[in-house]
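Remarks on the structure that follows.
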Amino acid sequence: MPTPSNPLKAVRGTRDLLPPETALWNRVESIARSVFSRYGFGEIRTPIFEDTQLFARGVGEETDIVSKEMYTWEDGLREDLALLEDTWLEKHSDATYVGTPFELETRPIAWRLATINGVETFVEFRVLPEISPDFEVRQRFSELKARGVQYLLVVPQWKYDQLNLIGYFTLGIKLEPLPGRFVAKSQDITLRPENTAGVVRAYIEHNLGDTGQLQKLFYIGPQFRRERPQRGRYRQFWQIGAEVLGPITSGSESPLRDAEVLEMLATLLDELGIKGWRLELNSVGSAEDRTRYVDILRQALAPIKHQLCEDNQRRAETNPLRVLDSKDPNDQALIDGLPKIADYLDESSRQHFDAVLSALAACGVPYTVNPRLVRGLDYYTRTTFEFTVPTSADPASGLGTQNALLGGGRYDGLSEMLGGPKAPGIGFAIGEDRLILTLQAQAAAKDLEPRTLNLEPPKLDAYIAPLGPERNAAALALARELRRAGLSVEVGDGAFRLKKSFEAADRVARHIVILGEDELASRIFTVKTFATGLQTKIARNELAQSLRA
RNA sequence: GCGGUUAUAGUUCAGUGGCAGAACGCCGCUCUGUGGCAGCGGAUGUCCUGGGUUCGAACCCCAGUAGCCGCCCCA
């Protein structure tokens, strides 16, 4: 029976990007590519899913991203039916097999005909049963029932808990759970929630460090986090990012690289036309500095914790660094009194940071040192930064409270955390969705023409209007000729009245070419230019040239 | 994950416990091969979904779903 179904929709937190907006996305991406290539970056494309361990180890097991926002599943579960059957048989001295073992062809399901305490029983082994009895099971059950045979489904305990037991019981199917998983060789897979870990994994896997060269890699692609969707925050979102990494001898640890990346970002935002951006940066020190500072922070928080708001009390326990960028106005005085990480940097980290700042100053890139700026991901060391645009107080942002446009930092220990060689690096990720929103909002606030954002597709060179359906074939042939000559051409339908063709043509093209009986016979076409309203007769061999104008 | 708010035509949005609306867009005619203007006409709806209250629900109630805003977190 056909069930009336609701139309399918894009799943929560995902969306379609349609023209003309996609033109803006392409423009943003092509400007990014252009800037990256001028700084010597090459494109890397890593898989959209990776082993879950990559993110657990790289991003940090305790971060919200990893602990509750990832799309993770078990891939390649292989069912071990033989083990399931053996386990069952061991348990059932009361069962006697009748006949030989069988396997059903449709999927790995094994069954035996047995007598259990004298009752003839069809014993089916399924490692991955359907949540509710499927068609196959229902059909088999009714056949067995007709023959007076009992139906016993043997499943693993861990699956049993997920089954629609009522569904099976109401049919009269007996279910028997067995302790154990009975699956072999599955892999935990995760849709990437960010791209740095993947890039570093690829760096290690392809021994890019052995080239001895500094690697400069950029990427543009979708990332996935299972967060509550909001404006500028989607479950599938796009990031434009870049990483600079390599062996120490390639200069990957040099503060020059930090400054270069930051200066490149300033250039990129300027070329994109983002107004009013702010660069905030900080140093969180080496991994050791960071650990030491977190301990000190914890100690400093302990006596005053109870005075903080509820959220901050929780953070003080779970992730003390995050207390620092709390926005709670009542807690600001207390937070200001907390120890600053700058005071706990070792000498080399301090010098490194100073060198970054002076290089930025030399380039004339404006910045603000924000001693409270910390990053959520575990792998960050030393320089961390964020580019923001004005908040919702300024309508030009378009981002509400989500005012961070991009963020990044240095990750000197990440490669080793992932089991690779020492490969210090620095990188960033731009939230492309937010970047686009900001561009749109800034254009709207300035009352700019949409054209400024390239939202209107450019007018085509010509629109061919065949008069009558019998001229359609000739129209398409003419269009082919012109298109091959490099012109952009749309073909109307001869079924349209000429009036309609003119309206359609004026919308999309600069010229209309009328293709009727006379024109086909004389090979001289009637061409009207919308901008001037002038209509002329043009010979076929001069048509392409004339339409280009 | 928590709180608030919204959901009506292709789009932007009115609307009231008693026939489903406007503007723009779309289609047709005035006007058979000459548009933009104008006039006239037309089509388009699961009024988010599912329950409930009611003689009667797009409207009131409950639940769900989705968008948006704030929180959490983050790009």
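By convention in this document, the chains of the structure tokens carry letters A, B, ... by their order, each chain's residues are numbered from 1, and ligands are numbered from 1 in the order they are shown.
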Give me, as a ChimeraX atom specification, the residues of segment 203-439 of chain A that a backbone DSSP run labels strand (DSSP E or B). /A:215-224,230,233,236-245,278-283,368-369,381-388,404-410,425-431
Store the residues of this selection in a file with N, CA and C atoms, as a short mmCIF file (atom, residue, chain, number, x, y, z; two decimals), in the first residue's frame.
```cif
data_model
loop_
_atom_site.label_atom_id
_atom_site.label_comp_id
_atom_site.auth_asym_id
_atom_site.auth_seq_id
_atom_site.Cartn_x
_atom_site.Cartn_y
_atom_site.Cartn_z
N GLN A 215 56.09 22.56 4.71
CA GLN A 215 54.86 22.28 3.97
C GLN A 215 53.86 23.42 4.20
N LYS A 216 53.35 23.94 3.10
CA LYS A 216 52.32 24.98 3.21
C LYS A 216 51.10 24.46 2.47
N LEU A 217 50.09 24.12 3.23
CA LEU A 217 48.93 23.44 2.66
C LEU A 217 47.64 24.18 3.00
N PHE A 218 46.76 24.29 2.02
CA PHE A 218 45.44 24.87 2.34
C PHE A 218 44.35 23.90 1.93
N TYR A 219 43.19 24.09 2.52
CA TYR A 219 42.04 23.25 2.20
C TYR A 219 40.77 24.08 2.21
N ILE A 220 39.80 23.62 1.48
CA ILE A 220 38.46 24.23 1.48
C ILE A 220 37.49 23.07 1.48
N GLY A 221 36.67 22.95 2.51
CA GLY A 221 35.77 21.81 2.49
C GLY A 221 34.82 21.78 3.67
N PRO A 222 33.84 20.89 3.59
CA PRO A 222 32.82 20.77 4.63
C PRO A 222 33.34 20.05 5.86
N GLN A 223 32.86 20.46 7.01
CA GLN A 223 33.17 19.83 8.30
C GLN A 223 31.84 19.56 8.98
N PHE A 224 31.86 18.71 10.00
CA PHE A 224 30.59 18.29 10.60
C PHE A 224 30.65 18.29 12.12
N GLN A 230 22.13 27.20 14.37
CA GLN A 230 21.83 28.62 14.57
C GLN A 230 22.35 29.36 13.35
N ARG A 233 25.84 28.87 11.99
CA ARG A 233 26.34 27.69 12.69
C ARG A 233 25.52 26.49 12.25
N GLN A 236 26.59 20.80 9.03
CA GLN A 236 27.61 20.72 7.98
C GLN A 236 27.99 22.14 7.66
N PHE A 237 29.23 22.48 7.93
CA PHE A 237 29.66 23.85 7.70
C PHE A 237 30.98 23.79 6.94
N TRP A 238 31.34 24.91 6.36
CA TRP A 238 32.51 24.92 5.48
C TRP A 238 33.65 25.68 6.11
N GLN A 239 34.82 25.13 5.95
CA GLN A 239 35.99 25.83 6.45
C GLN A 239 37.00 26.01 5.34
N ILE A 240 37.61 27.20 5.36
CA ILE A 240 38.76 27.46 4.52
C ILE A 240 39.93 27.57 5.48
N GLY A 241 40.92 26.75 5.30
CA GLY A 241 42.00 26.77 6.28
C GLY A 241 43.34 26.53 5.63
N ALA A 242 44.38 26.74 6.39
CA ALA A 242 45.72 26.48 5.89
C ALA A 242 46.63 26.09 7.05
N GLU A 243 47.63 25.33 6.72
CA GLU A 243 48.58 24.86 7.73
C GLU A 243 49.99 25.04 7.19
N VAL A 244 50.88 25.45 8.09
CA VAL A 244 52.31 25.49 7.76
C VAL A 244 52.99 24.57 8.75
N LEU A 245 53.64 23.54 8.27
CA LEU A 245 54.31 22.64 9.21
C LEU A 245 55.50 21.96 8.53
N ARG A 278 39.10 42.56 13.44
CA ARG A 278 40.03 42.76 14.55
C ARG A 278 40.82 41.48 14.75
N LEU A 279 42.10 41.63 14.92
CA LEU A 279 42.95 40.47 15.22
C LEU A 279 43.30 40.50 16.70
N GLU A 280 42.93 39.43 17.38
CA GLU A 280 43.33 39.29 18.78
C GLU A 280 44.24 38.08 18.88
N LEU A 281 45.32 38.24 19.62
CA LEU A 281 46.18 37.08 19.77
C LEU A 281 46.78 36.99 21.16
N ASN A 282 47.33 35.83 21.41
CA ASN A 282 47.84 35.52 22.74
C ASN A 282 48.83 34.38 22.58
N SER A 283 49.57 34.13 23.62
CA SER A 283 50.40 32.93 23.62
C SER A 283 50.00 32.07 24.80
N THR A 368 45.59 43.17 18.67
CA THR A 368 45.39 43.39 20.09
C THR A 368 45.82 42.14 20.82
N VAL A 369 46.66 42.27 21.80
CA VAL A 369 47.00 41.11 22.62
C VAL A 369 45.89 40.93 23.63
N THR A 381 49.48 25.33 21.03
CA THR A 381 50.59 25.77 21.86
C THR A 381 51.01 27.15 21.37
N ARG A 382 51.69 27.86 22.23
CA ARG A 382 52.22 29.18 21.88
C ARG A 382 51.17 30.09 21.25
N THR A 383 51.43 30.59 20.03
CA THR A 383 50.54 31.60 19.46
C THR A 383 49.13 31.06 19.21
N THR A 384 48.15 31.76 19.73
CA THR A 384 46.76 31.47 19.36
C THR A 384 46.13 32.79 18.95
N PHE A 385 45.18 32.72 18.03
CA PHE A 385 44.61 33.98 17.54
C PHE A 385 43.19 33.78 17.06
N GLU A 386 42.55 34.90 16.83
CA GLU A 386 41.16 34.92 16.42
C GLU A 386 40.95 36.22 15.65
N PHE A 387 40.25 36.14 14.55
CA PHE A 387 39.82 37.36 13.86
C PHE A 387 38.32 37.49 14.11
N THR A 388 37.91 38.65 14.55
CA THR A 388 36.49 38.87 14.82
C THR A 388 35.98 40.05 13.99
N ALA A 404 33.20 35.38 15.99
CA ALA A 404 34.52 34.92 15.57
C ALA A 404 34.43 34.40 14.15
N LEU A 405 35.25 35.00 13.30
CA LEU A 405 35.21 34.68 11.88
C LEU A 405 36.19 33.56 11.57
N LEU A 406 37.27 33.55 12.29
CA LEU A 406 38.26 32.51 12.07
C LEU A 406 39.13 32.41 13.31
N GLY A 407 39.75 31.29 13.47
CA GLY A 407 40.62 31.11 14.61
C GLY A 407 41.73 30.15 14.27
N GLY A 408 42.76 30.20 15.06
CA GLY A 408 43.85 29.28 14.78
C GLY A 408 44.95 29.42 15.80
N GLY A 409 46.06 28.80 15.48
CA GLY A 409 47.18 28.87 16.39
C GLY A 409 48.24 27.86 16.04
N ARG A 410 49.22 27.84 16.88
CA ARG A 410 50.37 26.96 16.68
C ARG A 410 50.09 25.63 17.36
N GLY A 425 53.94 23.37 13.84
CA GLY A 425 53.16 23.97 12.78
C GLY A 425 52.25 25.04 13.29
N ILE A 426 51.67 25.78 12.36
CA ILE A 426 50.68 26.79 12.71
C ILE A 426 49.64 26.81 11.62
N GLY A 427 48.40 27.04 12.02
CA GLY A 427 47.34 27.05 11.02
C GLY A 427 46.11 27.78 11.51
N PHE A 428 45.13 27.83 10.65
CA PHE A 428 43.88 28.51 11.01
C PHE A 428 42.74 27.89 10.23
N ALA A 429 41.54 28.18 10.67
CA ALA A 429 40.36 27.78 9.92
C ALA A 429 39.37 28.94 9.91
N ILE A 430 38.91 29.25 8.71
CA ILE A 430 37.91 30.30 8.55
C ILE A 430 36.55 29.64 8.46
N GLY A 431 35.58 30.14 9.22
CA GLY A 431 34.22 29.65 9.06
C GLY A 431 33.63 30.29 7.82
#
```
Find the nearest atom pair between each residue of chain B and chain A for residues within 8 Å, count only C-alpha atoms (C1' of nucleotides), give distances in Å to one decimal, sort rows by chain and ascending number, and present the table as a Markdown table.
```
| residue | atom | partner | partner_atom | distance |
| --- | --- | --- | --- | --- |
| B:G33 | C1' | A:Leu498 | CA | 7.1 |
| B:U34 | C1' | A:Lys499 | CA | 6.9 |
| B:G35 | C1' | A:Phe502 | CA | 4.4 |
| B:G36 | C1' | A:Glu503 | CA | 7.6 |
| B:A66 | C1' | A:Arg12 | CA | 7.3 |
| B:C68 | C1' | A:Gln230 | CA | 7.2 |
| B:C73 | C1' | A:Asp64 | CA | 6.6 |
| B:C74 | C1' | A:Gly376 | CA | 7.4 |
| B:A75 | C1' | A:Gly431 | CA | 4.3 |
```
Pick out the residues sitting within 7 Å of segment 27-39 of chain A, and hand them over as number ranges by chain; count only C-alpha atoms (C1' of nucleotides), and ignore anything fewer than 3 positions along from it in its own chain. A: 23-24, 42, 268, 272
Could you pull out the alpha helix (DSSP H) residues of segment 17-210 of chain A from DSSP and send them as a ChimeraX atom specification? /A:21-38,52-55,64-68,81-91,135-146,157-160,165-171,196-205
Env of Lys91 of chain A: 12 Å cut, atoms = only C-alpha atoms (C1' of nucleotides), seq-sep filter 3 positions within chain, self excluded. Answer as number ranges by chain. A: 84-88, 94-95, 116, 154, 176-179
Expressed in Å to a single decimal, how great is the separation between atom CA of Asp295 of chain A and atom CA of Ile335 of chain A? 15.8 Å
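Take the candidates B:A9, B:G39, B:U16, B:C31 and check each one against C59 of chain B using only C-alpha atoms (C1' of nucleotides); the shortest distance goes to B:U16.
The nearest approach to G67 of chain B among the residues A:Leu256, A:Leu547, A:Leu175, A:Arg15, with only C-alpha atoms (C1' of nucleotides) taken into account, belongs to A:Arg15.
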Neighbours of G25 of chain B within 10 Å (only C-alpha atoms (C1' of nucleotides); same-chain residues fewer than 2 positions away dropped), as a list in words? G10, U11 and A23 of chain B
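Residues lying within 10 Å of Asp134 of chain A, counting only C-alpha atoms (C1' of nucleotides) and ignoring same-chain neighbours fewer than 4 positions away, are A:Pro129, A:Glu130, A:Arg138, A:Gln139, A:Gly167, A:Tyr168.
Distances to U46 of chain B were evaluated for A:Ser349, A:Tyr293, A:Pro7, A:Phe135 using only C-alpha atoms (C1' of nucleotides), and the minimum falls at A:Pro7.
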